[in-house]
file structure_3.csv (CSV, C-alpha atoms)
chain,number,residue,atom,x,y,z
A,318,MET,CA,-18.8,177.3,173.4
A,319,ASP,CA,-19.2,173.7,172.4
A,320,CYS,CA,-20.4,174.8,168.9
A,321,ASN,CA,-17.4,177.1,168.5
A,322,PHE,CA,-15.0,174.3,169.5
A,323,LYS,CA,-16.5,171.9,166.9
A,324,PHE,CA,-16.3,174.6,164.2
A,325,GLY,CA,-12.6,175.4,165.1
A,326,GLY,CA,-11.7,171.7,165.0
A,327,LYS,CA,-13.1,171.2,161.5
A,328,ILE,CA,-11.0,174.1,160.3
A,329,ALA,CA,-7.9,172.7,161.9
A,330,LEU,CA,-8.6,169.3,160.2
A,331,LEU,CA,-9.0,171.0,156.9
A,332,ILE,CA,-5.7,172.9,157.2
A,333,LEU,CA,-3.9,169.8,158.3
A,334,GLY,CA,-5.3,167.9,155.4
A,335,GLY,CA,-4.1,170.6,153.0
A,336,LEU,CA,-0.6,170.6,154.5
A,337,LEU,CA,-0.4,166.8,154.1
A,338,CYS,CA,-1.4,167.1,150.5
A,339,LEU,CA,1.2,169.7,149.8
A,340,LEU,CA,3.9,167.6,151.6
A,341,GLY,CA,2.9,164.6,149.5
A,342,ALA,CA,3.2,166.6,146.3
A,343,SER,CA,6.7,167.9,147.2
A,344,ALA,CA,8.0,164.5,148.2
A,345,ASP,CA,7.1,163.2,144.7
A,346,ALA,CA,10.6,164.1,143.2
A,347,GLN,CA,10.9,164.7,139.5
A,348,THR,CA,13.0,162.2,137.7
A,349,SER,CA,14.0,161.4,134.2
A,350,SER,CA,15.7,158.3,132.9
A,351,GLY,CA,17.8,157.3,129.8
A,352,GLN,CA,19.7,154.4,128.5
A,353,LEU,CA,23.2,154.2,127.1
A,354,THR,CA,23.9,151.0,125.3
A,355,ILE,CA,27.6,150.1,124.9
A,356,THR,CA,29.0,147.8,122.3
A,357,MET,CA,32.6,146.5,122.2
A,358,ASN,CA,34.5,143.6,120.7
A,359,VAL,CA,37.4,142.2,122.8
A,360,GLN,CA,40.4,141.0,120.8
A,361,SER,CA,43.3,138.8,121.8
A,362,SER,CA,46.6,140.7,121.9
A,363,ILE,CA,50.2,140.4,122.8
A,364,THR,CA,52.9,142.9,123.5
A,365,LEU,CA,56.7,142.8,123.4
A,366,VAL,CA,59.1,144.9,125.5
A,367,PHE,CA,62.8,145.0,126.0
A,368,GLN,CA,64.2,145.0,129.5
A,369,ASP,CA,67.6,145.3,131.1
A,370,ASN,CA,68.9,142.0,132.3
A,371,PRO,CA,69.2,141.7,136.0
A,372,ALA,CA,73.0,141.6,135.5
A,373,VAL,CA,73.0,144.9,133.7
A,374,GLY,CA,76.2,146.9,134.1
A,375,THR,CA,78.4,143.8,134.3
A,376,THR,CA,80.4,142.6,131.4
A,377,GLY,CA,78.1,141.5,128.6
A,378,PHE,CA,75.0,143.3,129.9
A,379,CYS,CA,74.9,146.9,128.8
A,380,PRO,CA,71.9,149.1,129.8
A,381,LEU,CA,69.2,149.8,127.3
A,382,THR,CA,67.9,153.3,126.7
A,383,ASN,CA,64.1,153.4,127.1
A,384,ALA,CA,64.1,150.0,128.8
A,385,GLY,CA,60.7,148.6,129.4
A,386,THR,CA,59.4,149.7,126.0
A,387,ASN,CA,59.3,148.2,122.6
A,388,ASN,CA,61.7,150.7,121.1
A,389,VAL,CA,65.0,150.8,122.9
A,390,GLY,CA,68.6,151.7,122.2
A,391,LEU,CA,71.7,149.6,122.8
A,392,ASP,CA,75.0,151.5,122.6
A,393,LEU,CA,78.0,149.1,122.2
A,394,GLY,CA,80.5,151.9,122.3
A,395,THR,CA,83.6,152.1,120.2
A,396,ALA,CA,85.8,149.1,119.3
A,397,SER,CA,88.6,148.1,117.0
A,398,PHE,CA,90.4,144.9,116.1
A,399,PRO,CA,93.9,145.8,117.2
A,400,GLY,CA,94.6,145.6,120.9
A,401,ASN,CA,91.2,144.3,121.9
A,402,PHE,CA,90.3,148.0,122.0
A,403,HIS,CA,86.8,148.8,123.3
A,404,THR,CA,85.5,151.8,125.2
A,405,SER,CA,82.4,150.3,126.7
A,406,ALA,CA,82.9,148.6,130.0
A,407,CYS,CA,79.8,146.6,129.8
A,408,VAL,CA,80.2,145.0,126.4
A,409,ASN,CA,81.7,141.6,125.9
A,410,TYR,CA,84.6,142.0,123.5
A,411,THR,CA,86.4,138.9,122.0
A,412,HIS,CA,88.6,138.0,119.1
A,413,LEU,CA,86.8,135.2,117.4
A,414,THR,CA,89.6,134.5,114.9
A,415,ALA,CA,92.8,136.0,113.9
A,416,ALA,CA,90.9,138.3,111.5
A,417,ASP,CA,87.7,139.4,113.2
A,418,TYR,CA,86.3,140.5,116.5
A,419,GLN,CA,82.9,140.5,118.2
A,420,VAL,CA,81.2,142.9,120.5
A,421,SER,CA,78.1,141.7,122.3
A,422,SER,CA,75.6,142.6,125.0
A,423,ALA,CA,72.6,140.8,126.4
A,424,PHE,CA,69.1,142.0,127.2
A,425,ASP,CA,65.8,140.5,128.0
A,426,VAL,CA,62.7,140.2,125.9
A,427,VAL,CA,59.3,140.0,127.6
A,428,VAL,CA,56.1,139.1,125.7
A,429,THR,CA,52.8,139.4,127.5
A,430,LYS,CA,49.5,138.1,126.3
A,431,ALA,CA,45.9,139.2,127.1
A,432,ASN,CA,42.6,137.5,126.4
A,433,SER,CA,44.4,134.7,124.7
A,434,SER,CA,44.6,130.9,125.2
A,435,SER,CA,47.9,130.8,123.3
A,436,PRO,CA,50.3,128.7,125.4
A,437,ASN,CA,53.5,130.3,124.1
A,438,TYR,CA,54.9,132.3,121.2
A,439,ARG,CA,57.5,132.3,118.5
A,440,LEU,CA,60.2,134.9,118.4
A,441,ALA,CA,62.0,136.0,115.2
A,442,ALA,CA,64.2,139.0,114.3
A,443,GLN,CA,65.3,140.9,111.2
A,444,ILE,CA,67.7,143.7,110.5
A,445,SER,CA,66.5,146.7,108.6
A,446,THR,CA,69.4,147.5,106.3
A,447,PRO,CA,72.1,145.3,104.8
A,448,PRO,CA,75.3,145.8,106.8
A,449,PRO,CA,78.6,146.6,105.2
A,450,ALA,CA,80.7,143.7,103.8
A,451,ASN,CA,82.3,141.6,106.5
A,452,VAL,CA,80.0,142.9,109.2
A,453,THR,CA,77.5,140.5,110.7
A,454,TRP,CA,74.7,141.1,113.1
A,455,LEU,CA,73.5,138.2,115.1
A,456,ILE,CA,71.2,137.3,118.0
A,457,ASN,CA,72.3,134.3,120.0
A,458,ASN,CA,74.7,133.2,117.2
A,459,VAL,CA,71.9,133.3,114.6
A,460,THR,CA,72.8,135.6,111.7
A,461,LEU,CA,70.2,138.2,110.9
A,462,THR,CA,69.2,139.3,107.4
A,463,THR,CA,67.1,141.9,105.7
A,464,ALA,CA,65.3,139.3,103.6
A,465,VAL,CA,63.1,137.5,106.2
A,466,PHE,CA,62.4,137.3,109.9
A,467,THR,CA,64.8,134.7,111.2
A,468,THR,CA,63.4,132.4,113.8
A,469,LEU,CA,65.1,132.6,117.2
A,470,ASP,CA,62.7,130.6,119.4
A,471,THR,CA,59.6,128.5,118.7
A,472,THR,CA,58.0,128.1,122.2
A,473,ASP,CA,58.9,131.0,124.5
A,474,ASN,CA,56.8,131.5,127.5
A,475,TYR,CA,54.7,134.6,128.1
A,476,ALA,CA,55.5,137.0,130.8
A,477,THR,CA,58.9,135.5,131.2
A,478,PRO,CA,62.1,137.4,130.5
A,479,ILE,CA,64.0,135.7,127.6
A,480,THR,CA,67.6,136.7,127.5
A,481,LYS,CA,69.0,137.5,124.1
A,482,THR,CA,72.5,138.5,123.1
A,483,LEU,CA,73.1,141.0,120.3
A,484,GLN,CA,76.4,140.3,118.6
A,485,VAL,CA,78.3,142.4,116.0
A,486,ARG,CA,81.1,140.6,114.2
A,487,VAL,CA,83.6,142.8,112.3
A,488,LYS,CA,86.4,141.6,110.1
A,489,ASN,CA,89.7,143.5,110.5
A,490,THR,CA,89.4,144.6,106.9
A,491,VAL,CA,86.3,146.8,107.6
A,492,ALA,CA,87.0,150.5,107.3
A,493,ALA,CA,86.5,152.8,110.2
A,494,GLN,CA,82.8,153.8,110.2
A,495,VAL,CA,79.8,153.9,112.4
A,496,LEU,CA,77.8,150.7,112.3
A,497,LEU,CA,74.1,151.3,112.9
A,498,GLU,CA,71.3,148.8,112.6
A,499,THR,CA,67.7,148.5,113.6
A,500,ILE,CA,66.7,145.1,114.6
A,501,THR,CA,63.0,144.2,114.6
A,502,PHE,CA,61.8,141.5,116.8
A,503,LEU,CA,58.6,139.7,116.0
A,504,ALA,CA,56.6,137.7,118.5
A,505,THR,CA,53.8,135.5,117.2
A,506,ALA,CA,51.3,133.7,119.3
A,507,ASN,CA,51.2,130.0,118.9
B,274,MET,CA,-48.7,225.9,135.3
B,275,LEU,CA,-50.2,224.7,132.1
B,276,LYS,CA,-47.3,226.1,130.1
B,277,ASN,CA,-44.9,224.4,132.5
B,278,TYR,CA,-46.7,221.1,132.1
B,279,ILE,CA,-46.6,221.3,128.3
B,280,SER,CA,-42.9,222.1,128.4
B,281,ILE,CA,-42.1,219.1,130.7
B,282,MET,CA,-44.1,216.7,128.5
B,283,ARG,CA,-42.2,217.9,125.4
B,284,GLY,CA,-38.9,217.4,127.1
B,285,ALA,CA,-40.0,214.0,128.2
B,286,GLY,CA,-41.1,213.1,124.7
B,287,LEU,CA,-37.8,214.2,123.2
B,288,ALA,CA,-35.8,212.3,125.7
B,289,ALA,CA,-37.8,209.2,124.9
B,290,LEU,CA,-37.0,209.6,121.2
B,291,MET,CA,-33.3,210.0,121.9
B,292,LEU,CA,-33.2,206.9,123.9
B,293,TYR,CA,-34.9,205.0,121.2
B,294,GLY,CA,-32.3,206.2,118.7
B,295,ALA,CA,-29.5,205.1,121.0
B,296,SER,CA,-30.9,201.6,121.4
B,297,LEU,CA,-31.1,201.3,117.6
B,298,VAL,CA,-27.3,202.1,117.3
B,299,ALA,CA,-26.4,199.7,120.2
B,300,GLN,CA,-27.9,196.7,118.4
B,301,THR,CA,-25.1,196.7,115.7
B,302,THR,CA,-22.2,195.8,118.1
B,303,ALA,CA,-21.4,192.7,120.0
B,304,THR,CA,-18.9,191.7,122.6
B,305,GLY,CA,-17.4,188.5,123.8
B,306,VAL,CA,-14.5,187.1,125.9
B,307,ILE,CA,-12.1,184.2,125.6
B,308,ASN,CA,-11.2,182.5,128.8
B,309,GLY,CA,-7.7,181.1,128.0
B,310,SER,CA,-5.9,178.6,130.2
B,311,LEU,CA,-2.6,176.8,130.2
B,312,VAL,CA,-1.3,174.1,132.6
B,313,ASN,CA,2.4,174.6,132.9
B,314,LYS,CA,3.7,171.2,134.0
B,315,ASN,CA,7.1,170.9,135.6
B,316,GLY,CA,9.6,168.1,134.8
B,317,ILE,CA,13.1,167.2,133.9
B,318,SER,CA,14.6,165.3,130.9
B,319,ILE,CA,17.9,163.6,130.3
B,320,GLN,CA,19.9,163.3,127.1
B,321,PHE,CA,23.3,161.9,126.1
B,322,ASP,CA,25.6,164.0,124.0
B,323,THR,CA,28.8,163.2,122.2
B,324,ASP,CA,31.8,164.6,124.0
B,325,PRO,CA,34.5,166.1,121.8
B,326,ALA,CA,37.1,163.7,123.4
B,327,GLY,CA,34.9,160.6,123.2
B,328,VAL,CA,33.4,158.3,120.7
B,329,THR,CA,30.6,159.6,118.5
B,330,LEU,CA,27.4,158.4,120.1
B,331,GLY,CA,24.6,156.9,118.1
B,332,ALA,CA,21.3,158.8,118.6
B,333,ALA,CA,23.2,161.5,120.4
B,334,GLY,CA,20.9,164.2,121.9
B,335,THR,CA,18.3,161.6,122.9
B,336,ASN,CA,17.7,159.6,126.1
B,337,ALA,CA,18.5,156.3,124.3
B,338,ALA,CA,22.0,156.6,122.9
B,339,THR,CA,24.7,154.0,121.9
B,340,ALA,CA,28.4,154.1,122.3
B,341,ASN,CA,30.5,151.7,120.2
B,342,PHE,CA,34.0,151.1,121.5
B,343,GLY,CA,34.9,149.0,118.5
B,344,ALA,CA,37.6,146.4,118.9
B,345,VAL,CA,39.4,146.7,122.2
B,346,SER,CA,42.5,144.9,123.4
B,347,ALA,CA,45.2,145.2,126.0
B,348,PHE,CA,47.9,146.1,123.5
B,349,GLY,CA,46.4,146.6,120.1
B,350,PRO,CA,45.1,149.8,118.4
B,351,LEU,CA,41.9,151.4,119.6
B,352,SER,CA,39.1,153.3,117.8
B,353,GLY,CA,39.1,157.1,117.8
B,354,GLY,CA,37.8,158.5,121.1
B,355,VAL,CA,38.8,155.5,123.0
B,356,THR,CA,41.8,155.5,125.3
B,357,ARG,CA,43.5,152.9,127.5
B,358,PRO,CA,44.4,154.5,130.8
B,359,SER,CA,45.7,151.3,132.4
B,360,VAL,CA,47.0,147.9,131.6
B,361,THR,CA,47.9,145.5,134.4
B,362,ALA,CA,48.6,141.8,134.4
B,363,ALA,CA,45.0,141.1,135.5
B,364,ASN,CA,43.0,143.6,133.4
B,365,PHE,CA,43.0,146.6,131.2
B,366,THR,CA,40.8,149.5,131.0
B,367,VAL,CA,39.4,151.3,128.0
B,368,ARG,CA,37.7,154.6,128.3
B,369,THR,CA,35.5,157.0,126.5
B,370,ILE,CA,33.9,160.2,127.5
B,371,PHE,CA,30.2,161.0,127.0
B,372,ASP,CA,28.1,164.0,128.1
B,373,VAL,CA,24.9,163.9,130.1
B,374,GLN,CA,22.6,166.9,129.9
B,375,VAL,CA,19.6,167.3,132.2
B,376,ILE,CA,17.1,170.0,131.5
B,377,GLN,CA,14.4,171.1,134.0
B,378,GLY,CA,11.4,173.3,133.7
B,379,GLY,CA,9.0,174.6,136.3
B,380,LEU,CA,11.0,173.4,139.2
B,381,THR,CA,12.7,175.3,142.0
B,382,SER,CA,15.4,172.7,142.0
B,383,THR,CA,18.9,174.0,141.0
B,384,THR,CA,20.7,170.7,140.8
B,385,TYR,CA,20.1,167.0,140.2
B,386,THR,CA,21.4,163.7,141.4
B,387,LEU,CA,22.5,161.2,138.7
B,388,THR,CA,22.4,157.5,139.3
B,389,ALA,CA,23.3,154.6,137.0
B,390,ASN,CA,22.9,150.9,137.0
B,391,LEU,CA,23.5,148.0,134.6
B,392,ALA,CA,20.3,146.8,132.9
B,393,ALA,CA,21.6,143.2,133.4
B,394,ALA,CA,24.5,141.5,135.2
B,395,ALA,CA,27.9,142.3,133.6
B,396,PRO,CA,29.2,139.8,131.1
B,397,THR,CA,32.0,137.5,132.3
B,398,GLY,CA,35.3,139.2,132.6
B,399,MET,CA,33.8,142.7,132.3
B,400,ASN,CA,33.3,145.5,134.7
B,401,TYR,CA,31.8,148.9,134.0
B,402,LYS,CA,32.5,152.2,135.7
B,403,VAL,CA,31.2,155.6,135.3
B,404,ASP,CA,33.5,158.2,136.9
B,405,ALA,CA,35.3,155.5,138.8
B,406,VAL,CA,32.0,154.2,140.3
B,407,THR,CA,31.6,150.5,139.6
B,408,LEU,CA,28.2,149.7,138.3
B,409,THR,CA,26.0,146.9,139.3
B,410,THR,CA,22.3,146.1,138.6
B,411,ALA,CA,21.5,148.3,141.7
B,412,ALA,CA,21.5,152.1,141.2
B,413,GLN,CA,24.8,153.7,142.1
B,414,THR,CA,25.1,157.5,142.7
B,415,ILE,CA,27.3,159.1,140.1
B,416,GLN,CA,26.8,162.8,140.8
B,417,VAL,CA,24.9,164.6,143.5
B,418,ASN,CA,24.9,168.2,142.3
B,419,GLY,CA,24.6,168.1,138.5
B,420,ALA,CA,23.9,171.5,137.0
B,421,TYR,CA,21.0,171.7,134.6
B,422,SER,CA,21.2,172.6,131.0
B,423,THR,CA,24.9,171.8,130.9
B,424,ALA,CA,26.6,169.0,129.0
B,425,ILE,CA,28.6,167.4,131.8
B,426,PRO,CA,31.3,164.9,130.7
B,427,HIS,CA,31.6,161.6,132.4
B,428,ASN,CA,34.2,158.9,132.0
B,429,LEU,CA,32.9,155.5,131.0
B,430,ASP,CA,35.4,152.8,131.8
B,431,LEU,CA,35.3,149.2,130.6
B,432,VAL,CA,37.5,147.1,132.8
B,433,VAL,CA,38.4,144.0,130.8
B,434,SER,CA,40.0,140.9,132.3
B,435,THR,CA,43.1,139.7,130.5
B,436,ALA,CA,42.2,136.1,131.2
B,437,ALA,CA,41.6,133.9,128.3
B,438,PRO,CA,38.0,133.0,127.3
B,439,GLY,CA,36.8,130.2,129.5
B,440,ALA,CA,39.3,131.0,132.2
B,441,GLY,CA,37.4,134.0,133.6
B,442,GLY,CA,38.1,136.3,130.6
B,443,PRO,CA,35.5,137.8,128.3
B,444,ALA,CA,34.4,136.3,125.0
B,445,VAL,CA,36.8,137.2,122.2
B,446,GLY,CA,36.0,138.2,118.7
B,447,THR,CA,32.2,138.6,119.4
B,448,PRO,CA,30.4,141.8,120.1
B,449,ILE,CA,29.6,142.4,123.8
B,450,THR,CA,26.6,144.7,124.4
B,451,THR,CA,25.6,146.2,127.7
B,452,THR,CA,23.0,148.7,128.6
B,453,ILE,CA,23.4,151.2,131.4
B,454,ASN,CA,20.3,152.9,132.8
B,455,PHE,CA,20.8,156.5,134.0
B,456,THR,CA,18.3,158.3,136.2
B,457,ALA,CA,18.4,162.0,137.0
B,458,THR,CA,16.4,163.1,140.1
B,459,ALA,CA,15.8,166.7,140.9
B,460,ASN,CA,17.3,167.8,144.2
call {"tool": "encode", "arguments": {"input": "structure_3.csv", "output": "structure tokens"}}
result
Amino acid sequence: MDCNFKFGGKIALLILGGLLCLLGASADAQTSSGQLTITMNVQSSITLVFQDNPAVGTTGFCPLTNAGTNNVGLDLGTASFPGNFHTSACVNYTHLTAADYQVSSAFDVVVTKANSSSPNYRLAAQISTPPPANVTWLINNVTLTTAVFTTLDTTDNYATPITKTLQVRVKNTVAAQVLLETITFLATAN
Amino acid sequence: MLKNYISIMRGAGLAALMLYGASLVAQTTATGVINGSLVNKNGISIQFDTDPAGVTLGAAGTNAATANFGAVSAFGPLSGGVTRPSVTAANFTVRTIFDVQVIQGGLTSTTYTLTANLAAAAPTGMNYKVDAVTLTTAAQTIQVNGAYSTAIPHNLDLVVSTAAPGAGGPAVGTPITTTINFTATAN
């Protein structure tokens, strides 16, 4: 009996050892590794958007279409010299002299910077096509031309709404027509 | 009896001659065996592939690829295959998509777990994400049930602080290189 027990015990030990070996082999999970190396180059940048002024809807503050973008529309409605006629309730209509009138509306310009130590920026504007004779496009009383970007401000603060007023001055001799203009604003980091 | 004895002896002699002849023929042939063996080892491998919507990887199809985002900025143009999913006051994110393909052989495993870690601490003003998981130098689990032999796309996001250099933002105008280690483990 004693001999049989010893023999059986050795077999049990062998089986146990085999199981442990198998367990150890299965626990050694298969892995594979790789490396992805990334390269980039951060650049300073600024962006410009047009926003409705907080006073939008009141006289002198018409709503922009696509407000919050850098490509907006500003409809000043229909106006004429006689009788202070203007259809838009939000424009500011005035007779400047006995021979011309002005329609205007204000909006905000916001310039934001990223990865830049620039303290402020310059703002300029330019119209895209020469207006008809006796029609003038202005921003804050600064006449715009097609020749160059006309400086509006030299030290505007980033991330701060800068209110600008678009004015159209029309002499009473100007024939009835649609006046269209694209005004490009240029912000340059200082 | 004598006749029978003679007949038996003749027969025996004939049989002996035939056996001799047979042994002469057998000596012109030879036989042999080849004992072939093959150890079929199991294992898995990982490779990076260019995704159709992402940047073209350098050394695509290998386990040591490169991804060049080119010039990145919050508001400026980006290279092909790079998008800018978000811009906030604090940071902006640029993204590309790359594929990971893991191949296995000899395993009963049907899926794998993918982890990733930065090879070194992230540069100032930079964070790296794979599938929205922020990477550190410790391994982070990206996927727990990846299918083998399939190019699986992953988003690689670089979150760039908008702060100026020296104020918590990244260096500007100089290449920033970072290595991400990926490990696929058979489930």
call {"tool": "closest_atom_pairs", "arguments": {"input": "structure_3.csv", "of": "chain A", "to": "chain B", "cutoff": "9 Å", "atoms": "all atoms listed in the file", "output": "JSON lines"}}
result
{"residue": "A:Ala346", "atom": "CA", "partner": "B:Ala459", "partner_atom": "CA", "distance": 6.3}
{"residue": "A:Gln347", "atom": "CA", "partner": "B:Ala459", "partner_atom": "CA", "distance": 5.5}
{"residue": "A:Thr348", "atom": "CA", "partner": "B:Thr458", "partner_atom": "CA", "distance": 4.3}
{"residue": "A:Ser349", "atom": "CA", "partner": "B:Ser318", "partner_atom": "CA", "distance": 5.1}
{"residue": "A:Ser350", "atom": "CA", "partner": "B:Thr456", "partner_atom": "CA", "distance": 4.2}
{"residue": "A:Gly351", "atom": "CA", "partner": "B:Asn336", "partner_atom": "CA", "distance": 4.4}
{"residue": "A:Gln352", "atom": "CA", "partner": "B:Asn454", "partner_atom": "CA", "distance": 4.6}
{"residue": "A:Leu353", "atom": "CA", "partner": "B:Ala338", "partner_atom": "CA", "distance": 5.0}
{"residue": "A:Thr354", "atom": "CA", "partner": "B:Thr452", "partner_atom": "CA", "distance": 4.1}
{"residue": "A:Ile355", "atom": "CA", "partner": "B:Ala340", "partner_atom": "CA", "distance": 4.8}
{"residue": "A:Thr356", "atom": "CA", "partner": "B:Thr450", "partner_atom": "CA", "distance": 4.4}
{"residue": "A:Met357", "atom": "CA", "partner": "B:Phe342", "partner_atom": "CA", "distance": 4.9}
{"residue": "A:Asn358", "atom": "CA", "partner": "B:Pro448", "partner_atom": "CA", "distance": 4.5}
{"residue": "A:Val359", "atom": "CA", "partner": "B:Val345", "partner_atom": "CA", "distance": 5.0}
{"residue": "A:Gln360", "atom": "CA", "partner": "B:Ser346", "partner_atom": "CA", "distance": 5.1}
{"residue": "A:Ser361", "atom": "CA", "partner": "B:Ser346", "partner_atom": "CA", "distance": 6.4}
{"residue": "A:Ser362", "atom": "CA", "partner": "B:Phe348", "partner_atom": "CA", "distance": 5.8}
{"residue": "A:Ile363", "atom": "CA", "partner": "B:Phe348", "partner_atom": "CA", "distance": 6.2}
{"residue": "A:Thr364", "atom": "CA", "partner": "B:Phe348", "partner_atom": "CA", "distance": 5.9}
{"residue": "A:Thr429", "atom": "CA", "partner": "B:Ala362", "partner_atom": "CA", "distance": 8.4}
{"residue": "A:Lys430", "atom": "CA", "partner": "B:Thr435", "partner_atom": "CA", "distance": 7.8}
{"residue": "A:Ala431", "atom": "CA", "partner": "B:Thr435", "partner_atom": "CA", "distance": 4.4}
{"residue": "A:Asn432", "atom": "CA", "partner": "B:Ala437", "partner_atom": "CA", "distance": 4.2}
{"residue": "A:Ser433", "atom": "CA", "partner": "B:Ala437", "partner_atom": "CA", "distance": 4.6}
{"residue": "A:Ser434", "atom": "CA", "partner": "B:Ala437", "partner_atom": "CA", "distance": 5.3}
{"residue": "A:Ser435", "atom": "CA", "partner": "B:Ala437", "partner_atom": "CA", "distance": 8.6}
call {"tool": "closest_residue", "arguments": {"input": "structure_3.csv", "among": "B:Gly354, B:Thr323, B:Leu408, B:Val306", "to": "Gln374 in chain B", "atoms": "all atoms listed in the file"}}
result
B:Thr323
call {"tool": "atom_distance", "arguments": {"input": "structure_3.csv", "atom1": "CA of Asn370 in chain A", "atom2": "CA of Gly390 in chain A"}}
result
14.0 Å
call {"tool": "residues_around", "arguments": {"input": "structure_3.csv", "residues": "Ala415 in chain A", "least_positions_apart": "2", "cutoff": "10 Å", "atoms": "all atoms listed in the file", "output": "count of residues only"}}
result
7
call {"tool": "atom_distance", "arguments": {"input": "structure_3.csv", "atom1": "CA of Cys407 in chain A", "atom2": "CA of Pro449 in chain A"}}
result
24.6 Å
call {"tool": "atom_distance", "arguments": {"input": "structure_3.csv", "atom1": "CA of Val487 in chain A", "atom2": "CA of Phe402 in chain A"}}
result
12.9 Å
call {"tool": "closest_residue", "arguments": {"input": "structure_3.csv", "among": "A:Ser405, A:Thr477, A:Asn451, A:Gln419", "to": "Val491 in chain A", "atoms": "only C-alpha atoms"}}
result
A:Asn451
call {"tool": "residues_around", "arguments": {"input": "structure_3.csv", "residues": "Ile456 in chain A", "least_positions_apart": "3", "cutoff": "10 Å", "atoms": "all atoms listed in the file", "output": "ChimeraX atom specification"}}
result
/A:421-423,441-443,459-461,467,469,481-485,500
